[in-house]
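Down below is the structure, laid out as structure tokens.
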Amino acid sequence: MRRFLLIRGLQSLVVLVIMSFVIYALIGLMPGDPIDLMISANPNMTAADAAALRELYGLDLPIYERYWNWLTTALSGDLGYSRLFGQPVLDVLFPALKNTVILMGTAFTLAVCVAIPIGTFAASKPRSAVDYGVNLFAFAGISIPSFWLALMLIIVFSVFLGWLPAGGIASDGAGLFEQAKYLVLPVATIATLSIGSYSRYTRSSMLEVLRQDYIRTARAKGASRRRVVWKHALRNAMIPVVTILALDFGYLFSGALVTETIFSWPGMGKLIFDSVMGNDFNLALVALLFATALTLSANLLADICYAWLDPRIVIGGEKA
Amino acid sequence: MDKQDVIVATRNLTKRFNTRVATRKGWQKRTIAAVSDITLDIAPGETLGLVGESGCGKTTLGRMLSLFYLPSEGSMHIQGVDVSALRPKQVKPLRQHVQMIFQDPMSSLNPRHTVESILTEPLKIFSAGNAGTRRQKAAALLESVGMSAADLGKYPHEFSGGQRQRITIARALVLNPAFIVADEPVSALDVSVQSQILNLMKDIREEFNLTYLFISHDLAVVHHLANRVAVMYLGRIVEIAERDSLFDRARHPYTQSLLSSVPTVVPNKSKIGRILQGDPPSPIDPPSGCPFHPRCPHAADVCKASVPILETVDAATRHQAACHLKDSIKPGLGGPR
Amino acid sequence: MNKNSPLFLAIRRFRRHKLAIFSAGVLLTMILLVILAPLVEKWLGVGANDVDLYSRMVAPSAEHPLGTDELGRDVLIRLLYGGRVSLFTGLMAACFAASIGTVIGLFAGFFGGRLDATLMRLTDSVIALPLLPLLIVLVAIDLNKLGLPPAIVESEDVSFYRIVFIVAITGWTTVARLVRGATLSIKEREFVMAAQGVGASNLHIMFRHILPNLLSPIIVAVTLSVGGVILLESVLSFLGLGIQPPMASWGNMLTNAQQLIWEAPMLAVYPGLLIFVTVISFNFLGDGLQDAFDPKAEY
């Protein structure tokens, strides 16, 4: 297990480093550079001035050198300054991260608590009305555009009914109820989509397990249907589901981007969007790297969970 | 024997595979000798039967002789050509001389190809003839195996197991090979169909002047077709003889126990067959000395110490056995007639 | 024509799936309608990009069956033209991604060993990346800096090609994994060895023997991925990064809808509804195809 962890961890690290270079290069390809921004702010700047400034800031160096400079600076703790917010990057990043975690955490928990039971229930009564209903809902969940669902929810609950705000976040120090009001619609949006796919996975995984011979043996031994489903089948059915969940957890960080933007929820996703659109190179670079690192970690976690839960898998030769 | 008088000649042929084995310390690399030290000649027109349990290496040997594996050690001559001296790319022309008939009729034919496509493919690969002549040849071969030209446009799943095996046989004949390796050709078929296919193989043997290597775990089937039989155990040939000599006067204890387990139609045999003790061996960790000694009822100290080699026990029937104690064991145990 | 070919059998099995057939019908209707967009345009007498600031956001009328948008453009026509773009983009990107994935999966599964390990590590790495943020960055790239000639950069269609390309280079991974798995199992079948036995080269075996047996999983995977691709394109267009106005796409028709949600909520409903119906139809269709080709899978 340790050896496996080490190898996979190293792999993820390598990918992260490669991606840092790729992202750095891509950001560099975005329109304009810091000097262009200065020029647009100060029309009196001459071409000679611009060239001198470029040289001063090292912007005319080849990309490898620029990357190396950035990397060494970053590793020493200085991640740069955000032009859009006028603050050091990290000061902007962490609050955004906190907000995203609140949003994703709530949505994820809700989705899991709803999806797994209904998926299991649907699997235990195949071809019943419930089963068809769940399946239909699941299909709808994965087919609906998230931004459209968000807009529809806003139309119904904000425009027509006026119950909930159309976006934003509670001000600091507001009560829990007040904060919750702003959470409801974004969480509903994300959760609906997740419930759709999770319940579907749970259902198909459950069906697969329930078909196995050892389930029939348990039933033949006299175990009640409910006991069979919840005790015997669930554990084995959960194995692939957990993997999916762990993987999805990583995607949630980036998937929330659209929802956050629509609801003006100041999280990581919105930060990435705003920084890329606003040509804030430093912030965009660090935010993207953060998202990548989080997703890679989630993947690693998924692999570990999967291996830990399934006693049949021998990782690196040792039974986990 | 002069190498030109034989279709296939092997000397000390060995094939090793690298594999990984699950142990307490994780996956360890091991080398298995699937086939060890095989020295064999097959003359034109001969049908050599090759028998043994699963894992004894008979399939590997068959595949080596069909040019699917290159030898790790030793030499192999096919139609006089030294295969071991060839590089993989040079093997293709030799494929016209040796073909294989496969075991599983369900998976040996591509479900997406028509029969015509399957039969004409070898000709296309060797750029023989044109579309018209290829089709004719395919039709002719179908007739030779007892099917009709009307079957050319059909797909494999439209046929029964026996018919698919006929198609497989027809495909083996497309390139006019001199030598055919049949790897358990009837094992996957119903018993009633088996004899049909075996008789077919007999007929085409005459018609096309074929030499066979007939691999099987079923002695009764081998008896039907072979004129010489070799017995393999853990990658080695332990006994080889002309058919009747082997079945009537087997010298090696393993052969004797194999023969005794064949159900005979004549029920008046008073001898009770010897049941082999122990588990079939694993090639990963072979026993020392004679590979059969852990299960052999006659085993002596010399058997644990050194590997016996094939020695002639009856020159008239080209009967050889690899056993230290062959002179002291009573020959034969009876077999199917 | 052999009535028993694997294709016909699959078609017969497919016919039993009512929902999938219905979805196929829906999609065909939609495709037909969007193809006929120019006719509708002529019939209504209004162009898709005709701005009419005097008739902003009018209610449905005889002149404008679904009303007009914030610039006075007819909604129905824009929906139809937008459909063209969205559907075409989705299909093209999905096929492009499938081609990349098939080649990678086929080579990885067939050759195994180092090549397989390398390709799979590549695939896993791409899968492990946060999709949307990266796509956003890719879209934001200034093509001039890449060295592309101005003629291309400035052309009208560039946003279209860019989207197709970007979605494809991230979307191939599912197909690659699927194809690799299927290749591994097909490779073990005896007819592959038989082909080697008659002298077939590796390429011949890969493309004449293995690939035809891969078609069913590939078709299923492509159908199922079209939906995801359409969603992706619409998200990017919605964010203003995909298809650029004035070219209409269902996604970018929703871009300004949020601001107008208090005045003209219906503008937000139509395009999204069409996306939803299209995507769910592709998903049902793909599900039906999956069962038709591989009856073992549970409905």
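Chain identifiers are assigned as A, B, and so on, following the order in which chains appear in the structure tokens; residues are numbered from 1 within each chain, and ligands are numbered from 1 in order of appearance.
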Determine, using only C-alpha atoms, which residues of chain C have any atom at most 10 Å from an atom of chain B, and tabulate each with its shortest atom pair and distance in Å to one decimal place, rows ordered by chain and then rising number, as CSV.
```
residue,atom,partner,partner_atom,distance
C:Met1,CA,B:Gly153,CA,8.8
C:Asn2,CA,B:Lys154,CA,7.1
C:Lys3,CA,B:Lys154,CA,9.4
C:Asn4,CA,B:Tyr155,CA,7.4
C:Ser5,CA,B:Tyr155,CA,6.6
C:Pro6,CA,B:Arg112,CA,6.9
C:Leu7,CA,B:Arg112,CA,9.1
C:Ile186,CA,B:Ser107,CA,9.5
C:Glu188,CA,B:Ser107,CA,9.2
C:Arg189,CA,B:Ser107,CA,5.5
C:Glu190,CA,B:Ser108,CA,4.4
C:Phe191,CA,B:Ser108,CA,4.1
C:Val192,CA,B:Ser108,CA,7.8
C:Met193,CA,B:Ser108,CA,8.2
C:Ala194,CA,B:Ser108,CA,6.9
C:Ala195,CA,B:Pro122,CA,8.1
C:Gln196,CA,B:Phe68,CA,7.9
C:Gly197,CA,B:Gln99,CA,6.7
C:Val198,CA,B:Pro122,CA,5.4
C:Gly199,CA,B:Lys92,CA,5.4
C:Ala200,CA,B:Ile125,CA,6.5
C:Ser201,CA,B:Ile125,CA,8.8
C:His204,CA,B:Ile125,CA,9.3
C:Arg208,CA,B:His113,CA,9.4
C:His209,CA,B:Asn110,CA,7.1
C:Ile210,CA,B:Asn110,CA,9.0
C:Pro212,CA,B:Arg112,CA,6.7
C:Asn213,CA,B:Arg112,CA,6.8
```
Contacts between chain C and chain A, please, where a residue of chain A counts if it comes within 6 Å (with only C-alpha atoms); show its shortest atom pair and distance in Å to one decimal, rows by chain and ascending number, as a tab-separated table.
```
residue	atom	partner	partner_atom	distance
A:Leu29	CA	C:Ile141	CA	5.3
A:Met30	CA	C:Ile141	CA	4.4
A:Pro31	CA	C:Asp142	CA	4.8
A:Ser143	CA	C:Ile280	CA	5.0
A:Ile144	CA	C:Phe276	CA	5.0
A:Trp148	CA	C:Gly272	CA	5.5
A:Ser254	CA	C:Pro130	CA	5.7
A:Thr292	CA	C:Pro130	CA	5.7
A:Leu296	CA	C:Ala128	CA	5.6
```
Neighbours of region 322-329 of chain B within 10 Å (only C-alpha atoms; same-chain residues fewer than 4 positions away dropped), as JSON, numbers by chain? {"B": [236, 237, 238, 239, 240, 250, 251, 252, 253, 254, 290, 292, 293, 298, 299, 300, 302, 303, 306, 307, 308, 309, 310, 311, 312, 313]}
Just C-alpha atoms for this one: save the residues we selected as an mmCIF file, in the first residue's frame.
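So the final result, stored in result_0.cif, reads:
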```
data_model
loop_
_atom_site.group_PDB
_atom_site.id
_atom_site.type_symbol
_atom_site.label_atom_id
_atom_site.label_comp_id
_atom_site.auth_asym_id
_atom_site.auth_seq_id
_atom_site.Cartn_x
_atom_site.Cartn_y
_atom_site.Cartn_z
ATOM 1 C CA ARG B 236 8.884 -32.762 -21.842
ATOM 2 C CA ILE B 237 8.110 -35.744 -23.992
ATOM 3 C CA VAL B 238 8.033 -38.705 -21.650
ATOM 4 C CA GLU B 239 7.106 -41.382 -24.138
ATOM 5 C CA ILE B 240 6.756 -41.680 -27.905
ATOM 6 C CA ALA B 250 3.161 -48.377 -22.609
ATOM 7 C CA ARG B 251 6.397 -48.205 -20.612
ATOM 8 C CA HIS B 252 6.172 -44.875 -18.791
ATOM 9 C CA PRO B 253 4.110 -44.821 -15.547
ATOM 10 C CA TYR B 254 2.389 -41.594 -16.604
ATOM 11 C CA CYS B 290 12.048 -36.543 -13.171
ATOM 12 C CA PHE B 292 6.659 -37.032 -12.638
ATOM 13 C CA HIS B 293 8.275 -38.445 -9.523
ATOM 14 C CA HIS B 298 7.299 -46.457 -8.656
ATOM 15 C CA ALA B 299 9.414 -43.452 -7.705
ATOM 16 C CA ALA B 300 12.922 -44.194 -6.424
ATOM 17 C CA VAL B 302 17.342 -41.854 -8.693
ATOM 18 C CA CYS B 303 14.120 -40.322 -9.946
ATOM 19 C CA SER B 306 18.263 -36.578 -12.359
ATOM 20 C CA VAL B 307 15.984 -35.927 -15.317
ATOM 21 C CA PRO B 308 15.557 -39.066 -17.409
ATOM 22 C CA ILE B 309 16.088 -38.791 -21.152
ATOM 23 C CA LEU B 310 14.235 -40.520 -23.943
ATOM 24 C CA GLU B 311 15.768 -43.916 -24.692
ATOM 25 C CA THR B 312 14.696 -46.553 -27.149
ATOM 26 C CA VAL B 313 12.877 -49.523 -25.696
#
```
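DSSP, applied to the backbone of this structure, assigns alpha helix (DSSP H) to the following residues of region 169-202 of chain C: Ile169, Thr170, Gly171, Thr173, Thr174, Val175, Ala176, Arg177, Leu178, Val179, Arg180, Gly181, Ala182, Thr183, Leu184, Ser185, Ile186, Lys187, Glu190, Phe191, Val192, Met193, Ala194, Ala195, Gln196, Gly197 and Asn202 of chain C.
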Those same residues - C-alpha atoms - I'd like them written as a PDB file, in the first residue's frame.
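Saved as again_31.pdb:
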```
ATOM      1  CA  ILE C 169      -8.874  17.294 -27.623  1.00  0.00           C
ATOM      2  CA  THR C 170     -10.314  16.905 -24.163  1.00  0.00           C
ATOM      3  CA  GLY C 171     -13.173  14.588 -25.032  1.00  0.00           C
ATOM      4  CA  THR C 173     -10.499   9.960 -23.207  1.00  0.00           C
ATOM      5  CA  THR C 174     -13.727   8.017 -22.648  1.00  0.00           C
ATOM      6  CA  VAL C 175     -13.603   6.500 -26.082  1.00  0.00           C
ATOM      7  CA  ALA C 176      -9.902   5.704 -25.675  1.00  0.00           C
ATOM      8  CA  ARG C 177     -10.474   3.763 -22.481  1.00  0.00           C
ATOM      9  CA  LEU C 178     -13.452   1.969 -23.913  1.00  0.00           C
ATOM     10  CA  VAL C 179     -11.662   1.020 -27.101  1.00  0.00           C
ATOM     11  CA  ARG C 180      -8.599  -0.143 -25.228  1.00  0.00           C
ATOM     12  CA  GLY C 181     -10.667  -2.416 -23.008  1.00  0.00           C
ATOM     13  CA  ALA C 182     -12.562  -3.851 -25.921  1.00  0.00           C
ATOM     14  CA  THR C 183      -9.346  -4.325 -27.912  1.00  0.00           C
ATOM     15  CA  LEU C 184      -7.755  -6.229 -25.066  1.00  0.00           C
ATOM     16  CA  SER C 185     -10.576  -8.709 -24.953  1.00  0.00           C
ATOM     17  CA  ILE C 186     -10.945  -9.055 -28.716  1.00  0.00           C
ATOM     18  CA  LYS C 187      -7.219  -9.603 -29.075  1.00  0.00           C
ATOM     19  CA  GLU C 190      -8.686 -17.132 -31.743  1.00  0.00           C
ATOM     20  CA  PHE C 191      -9.545 -15.466 -35.017  1.00  0.00           C
ATOM     21  CA  VAL C 192      -6.833 -12.914 -34.299  1.00  0.00           C
ATOM     22  CA  MET C 193      -4.281 -15.670 -33.974  1.00  0.00           C
ATOM     23  CA  ALA C 194      -5.709 -17.255 -37.091  1.00  0.00           C
ATOM     24  CA  ALA C 195      -5.138 -14.038 -38.993  1.00  0.00           C
ATOM     25  CA  GLN C 196      -1.544 -13.972 -37.791  1.00  0.00           C
ATOM     26  CA  GLY C 197      -1.286 -17.552 -38.936  1.00  0.00           C
ATOM     27  CA  ASN C 202      -0.277  -5.947 -37.360  1.00  0.00           C
TER      28      ASN C 202
END
```
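CA of Ala292 (chain C) is found 27.0 Å from CA of Ile195 (chain A).
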Step one, run DSSP on the backbone; step two, keep only residues of region 54-284 of chain A assigned to strand (DSSP E or B); then write them as a tab-separated table (two decimals) with C-alpha atoms, in the first residue's frame.
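The resulting file, part00.tsv, is reproduced below:
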```tsv
chain	number	residue	atom	x	y	z
A	81	TYR	CA	-0.13	40.18	-6.85
A	82	SER	CA	-3.62	40.20	-8.24
A	87	GLN	CA	-4.25	42.26	-3.19
A	88	PRO	CA	-1.73	39.46	-2.96
```
One decimal, Å: what's the distance from CA of Ala150 (chain B) over to CA of Arg135 (chain B), could you say?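 Interatomic distance here is 11.6 Å.
The environment of Val17 (chain A) within 10 Å, counting only C-alpha atoms and disregarding residues fewer than 6 places along the same chain, consists of Gln11, Ile23, Leu71, Leu289 and Ala293 of chain A.
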Could you please take those selected residues and save N, CA and C atoms as a PDB file, in the first residue's frame?
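See selection-v2.pdb below for the written result:
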```pdb
ATOM      1  N   GLN A  11       3.440  10.269  -9.378  1.00  0.00           N
ATOM      2  CA  GLN A  11       2.845  10.484 -10.697  1.00  0.00           C
ATOM      3  C   GLN A  11       2.042  11.767 -10.714  1.00  0.00           C
ATOM      4  N   ILE A  23       0.048  25.423 -18.161  1.00  0.00           N
ATOM      5  CA  ILE A  23      -0.838  26.537 -17.824  1.00  0.00           C
ATOM      6  C   ILE A  23      -0.101  27.856 -17.945  1.00  0.00           C
ATOM      7  N   LEU A  71       8.522  29.977 -11.104  1.00  0.00           N
ATOM      8  CA  LEU A  71       8.474  28.805 -10.252  1.00  0.00           C
ATOM      9  C   LEU A  71       9.288  29.015  -8.985  1.00  0.00           C
ATOM     10  N   LEU A 289      -3.895  26.511 -11.148  1.00  0.00           N
ATOM     11  CA  LEU A 289      -3.032  25.487 -10.584  1.00  0.00           C
ATOM     12  C   LEU A 289      -3.662  24.850  -9.353  1.00  0.00           C
ATOM     13  N   ALA A 293      -4.503  21.013  -8.869  1.00  0.00           N
ATOM     14  CA  ALA A 293      -3.966  20.230  -7.759  1.00  0.00           C
ATOM     15  C   ALA A 293      -5.085  19.544  -6.991  1.00  0.00           C
TER      16      ALA A 293
END
```
I want to know what sits within 12 Å of region 39-44 of chain C, based on only C-alpha atoms, with residues of the same chain fewer than 2 positions away left out; could you give that as a PyMOL selection string? chain C and resi 32-37+46-50+61-66+73-81
How would the residues just chosen look if you wrote them out with N, CA and C atoms as a CSV table (one decimal), in the first residue's frame?
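Result file out.csv:
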```csv
chain,number,residue,atom,x,y,z
C,32,LEU,N,-34.2,17.9,-39.2
C,32,LEU,CA,-34.9,18.3,-40.4
C,32,LEU,C,-35.3,19.8,-40.3
C,33,LEU,N,-35.8,20.2,-39.1
C,33,LEU,CA,-36.2,21.6,-38.9
C,33,LEU,C,-35.1,22.5,-39.1
C,34,VAL,N,-33.9,22.2,-38.5
C,34,VAL,CA,-32.8,23.2,-38.6
C,34,VAL,C,-32.3,23.2,-40.0
C,35,ILE,N,-32.4,22.1,-40.7
C,35,ILE,CA,-31.9,22.2,-42.1
C,35,ILE,C,-32.8,23.1,-42.9
C,36,LEU,N,-34.1,23.1,-42.5
C,36,LEU,CA,-35.1,23.9,-43.3
C,36,LEU,C,-35.1,25.3,-42.8
C,37,ALA,N,-34.1,25.7,-41.9
C,37,ALA,CA,-34.1,27.1,-41.4
C,37,ALA,C,-34.2,28.2,-42.5
C,46,VAL,N,-38.1,37.4,-42.4
C,46,VAL,CA,-37.2,38.1,-41.5
C,46,VAL,C,-35.9,37.3,-41.4
C,47,GLY,N,-34.7,38.0,-41.4
C,47,GLY,CA,-33.4,37.4,-41.3
C,47,GLY,C,-33.1,37.0,-39.8
C,48,ALA,N,-32.1,36.1,-39.7
C,48,ALA,CA,-31.8,35.7,-38.3
C,48,ALA,C,-31.0,36.8,-37.6
C,49,ASN,N,-30.3,37.6,-38.3
C,49,ASN,CA,-29.5,38.6,-37.6
C,49,ASN,C,-30.0,40.0,-37.8
C,50,ASP,N,-31.3,40.1,-38.3
C,50,ASP,CA,-31.9,41.4,-38.5
C,50,ASP,C,-32.2,42.1,-37.2
C,61,SER,N,-46.3,36.9,-31.9
C,61,SER,CA,-47.3,37.5,-32.7
C,61,SER,C,-47.2,36.7,-34.1
C,62,ALA,N,-48.1,37.1,-35.0
C,62,ALA,CA,-48.1,36.5,-36.3
C,62,ALA,C,-46.7,36.7,-37.0
C,63,GLU,N,-46.2,37.9,-36.8
C,63,GLU,CA,-45.0,38.3,-37.5
C,63,GLU,C,-43.8,37.6,-36.9
C,64,HIS,N,-43.8,37.4,-35.5
C,64,HIS,CA,-42.7,36.8,-34.8
C,64,HIS,C,-43.3,35.7,-33.9
C,65,PRO,N,-43.4,34.4,-34.5
C,65,PRO,CA,-44.2,33.4,-33.7
C,65,PRO,C,-43.7,33.2,-32.3
C,66,LEU,N,-42.4,33.4,-32.1
C,66,LEU,CA,-42.0,33.3,-30.7
C,66,LEU,C,-41.5,34.6,-30.1
C,73,ARG,N,-34.3,40.8,-32.7
C,73,ARG,CA,-34.2,39.7,-33.7
C,73,ARG,C,-35.2,38.6,-33.4
C,74,ASP,N,-35.7,38.0,-34.5
C,74,ASP,CA,-36.8,37.0,-34.3
C,74,ASP,C,-36.2,35.8,-33.6
C,75,VAL,N,-36.9,35.3,-32.6
C,75,VAL,CA,-36.4,34.2,-31.8
C,75,VAL,C,-36.5,32.9,-32.5
C,76,LEU,N,-37.6,32.7,-33.2
C,76,LEU,CA,-37.8,31.4,-33.8
C,76,LEU,C,-36.6,31.1,-34.8
C,77,ILE,N,-36.4,32.0,-35.7
C,77,ILE,CA,-35.3,31.8,-36.7
C,77,ILE,C,-34.0,31.6,-36.0
C,78,ARG,N,-33.7,32.4,-35.0
C,78,ARG,CA,-32.5,32.3,-34.3
C,78,ARG,C,-32.3,30.9,-33.6
C,79,LEU,N,-33.5,30.4,-33.1
C,79,LEU,CA,-33.4,29.1,-32.5
C,79,LEU,C,-33.1,28.1,-33.6
C,80,LEU,N,-33.6,28.2,-34.8
C,80,LEU,CA,-33.4,27.2,-35.8
C,80,LEU,C,-31.9,27.3,-36.3
C,81,TYR,N,-31.4,28.5,-36.5
C,81,TYR,CA,-30.0,28.6,-36.9
C,81,TYR,C,-29.1,28.2,-35.8
```
To one decimal place in Å, what is the distance between CA of Ala138 (chain B) and CA of Pro44 (chain B)?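 Atom-to-atom, CA of Ala138 (chain B) to CA of Pro44 (chain B), that is 25.4 Å.
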Got a sec: who's within 10 Å of Arg83 (chain A), counting only C-alpha atoms, leaving out chain neighbours fewer than 3 positions off, as an mmCIF file with C-alpha atoms, in the first residue's frame?
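Dumped everything to around.cif:
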```cif
data_model
loop_
_atom_site.group_PDB
_atom_site.id
_atom_site.type_symbol
_atom_site.label_atom_id
_atom_site.label_comp_id
_atom_site.auth_asym_id
_atom_site.auth_seq_id
_atom_site.Cartn_x
_atom_site.Cartn_y
_atom_site.Cartn_z
ATOM 1 C CA PRO A 34 1.140 43.342 -18.384
ATOM 2 C CA GLY A 80 2.341 37.402 -6.915
ATOM 3 C CA GLY A 86 -5.309 44.832 -5.755
ATOM 4 C CA GLN A 87 -4.245 42.261 -3.193
ATOM 5 C CA PRO A 88 -1.725 39.463 -2.964
ATOM 6 C CA VAL A 89 -3.015 36.422 -4.783
ATOM 7 C CA SER A 275 -9.324 36.328 -13.645
ATOM 8 C CA GLY A 278 -9.918 40.077 -16.856
ATOM 9 C CA ASN A 279 -6.455 39.138 -17.975
ATOM 10 C CA ASP A 280 -5.216 38.976 -14.424
ATOM 11 C CA PHE A 281 -2.325 36.683 -15.180
ATOM 12 C CA ASN A 282 -1.014 36.067 -11.718
ATOM 13 C CA LEU A 283 -4.352 35.263 -10.221
#
```
Would you pick out the contacts of Asp52 (chain C) at 10 Å or less, using only C-alpha atoms, so that residues sharing its chain but fewer than 6 positions from it are not included, and give the list as a PDB file with N, CA and C atoms, in the first residue's frame?
```
ATOM      1  N   THR C  68     -39.465  38.417 -30.062  1.00  0.00           N
ATOM      2  CA  THR C  68     -38.117  38.869 -30.438  1.00  0.00           C
ATOM      3  C   THR C  68     -37.234  38.975 -29.210  1.00  0.00           C
ATOM      4  N   ASP C  69     -35.944  39.054 -29.483  1.00  0.00           N
ATOM      5  CA  ASP C  69     -35.018  39.134 -28.350  1.00  0.00           C
ATOM      6  C   ASP C  69     -34.639  40.587 -28.056  1.00  0.00           C
ATOM      7  N   GLU C  70     -33.586  40.748 -27.266  1.00  0.00           N
ATOM      8  CA  GLU C  70     -33.263  42.090 -26.775  1.00  0.00           C
ATOM      9  C   GLU C  70     -32.773  43.026 -27.864  1.00  0.00           C
ATOM     10  N   LEU C  71     -32.467  42.481 -29.030  1.00  0.00           N
ATOM     11  CA  LEU C  71     -32.066  43.357 -30.122  1.00  0.00           C
ATOM     12  C   LEU C  71     -33.117  43.351 -31.222  1.00  0.00           C
ATOM     13  N   GLY C  72     -34.270  42.802 -30.915  1.00  0.00           N
ATOM     14  CA  GLY C  72     -35.325  42.810 -31.907  1.00  0.00           C
ATOM     15  C   GLY C  72     -35.214  41.700 -32.934  1.00  0.00           C
ATOM     16  N   ARG C  73     -34.327  40.759 -32.722  1.00  0.00           N
ATOM     17  CA  ARG C  73     -34.186  39.678 -33.689  1.00  0.00           C
ATOM     18  C   ARG C  73     -35.229  38.611 -33.406  1.00  0.00           C
ATOM     19  N   ASP C  74     -35.699  37.986 -34.498  1.00  0.00           N
ATOM     20  CA  ASP C  74     -36.754  37.000 -34.349  1.00  0.00           C
ATOM     21  C   ASP C  74     -36.215  35.763 -33.620  1.00  0.00           C
TER      22      ASP C  74
END
```
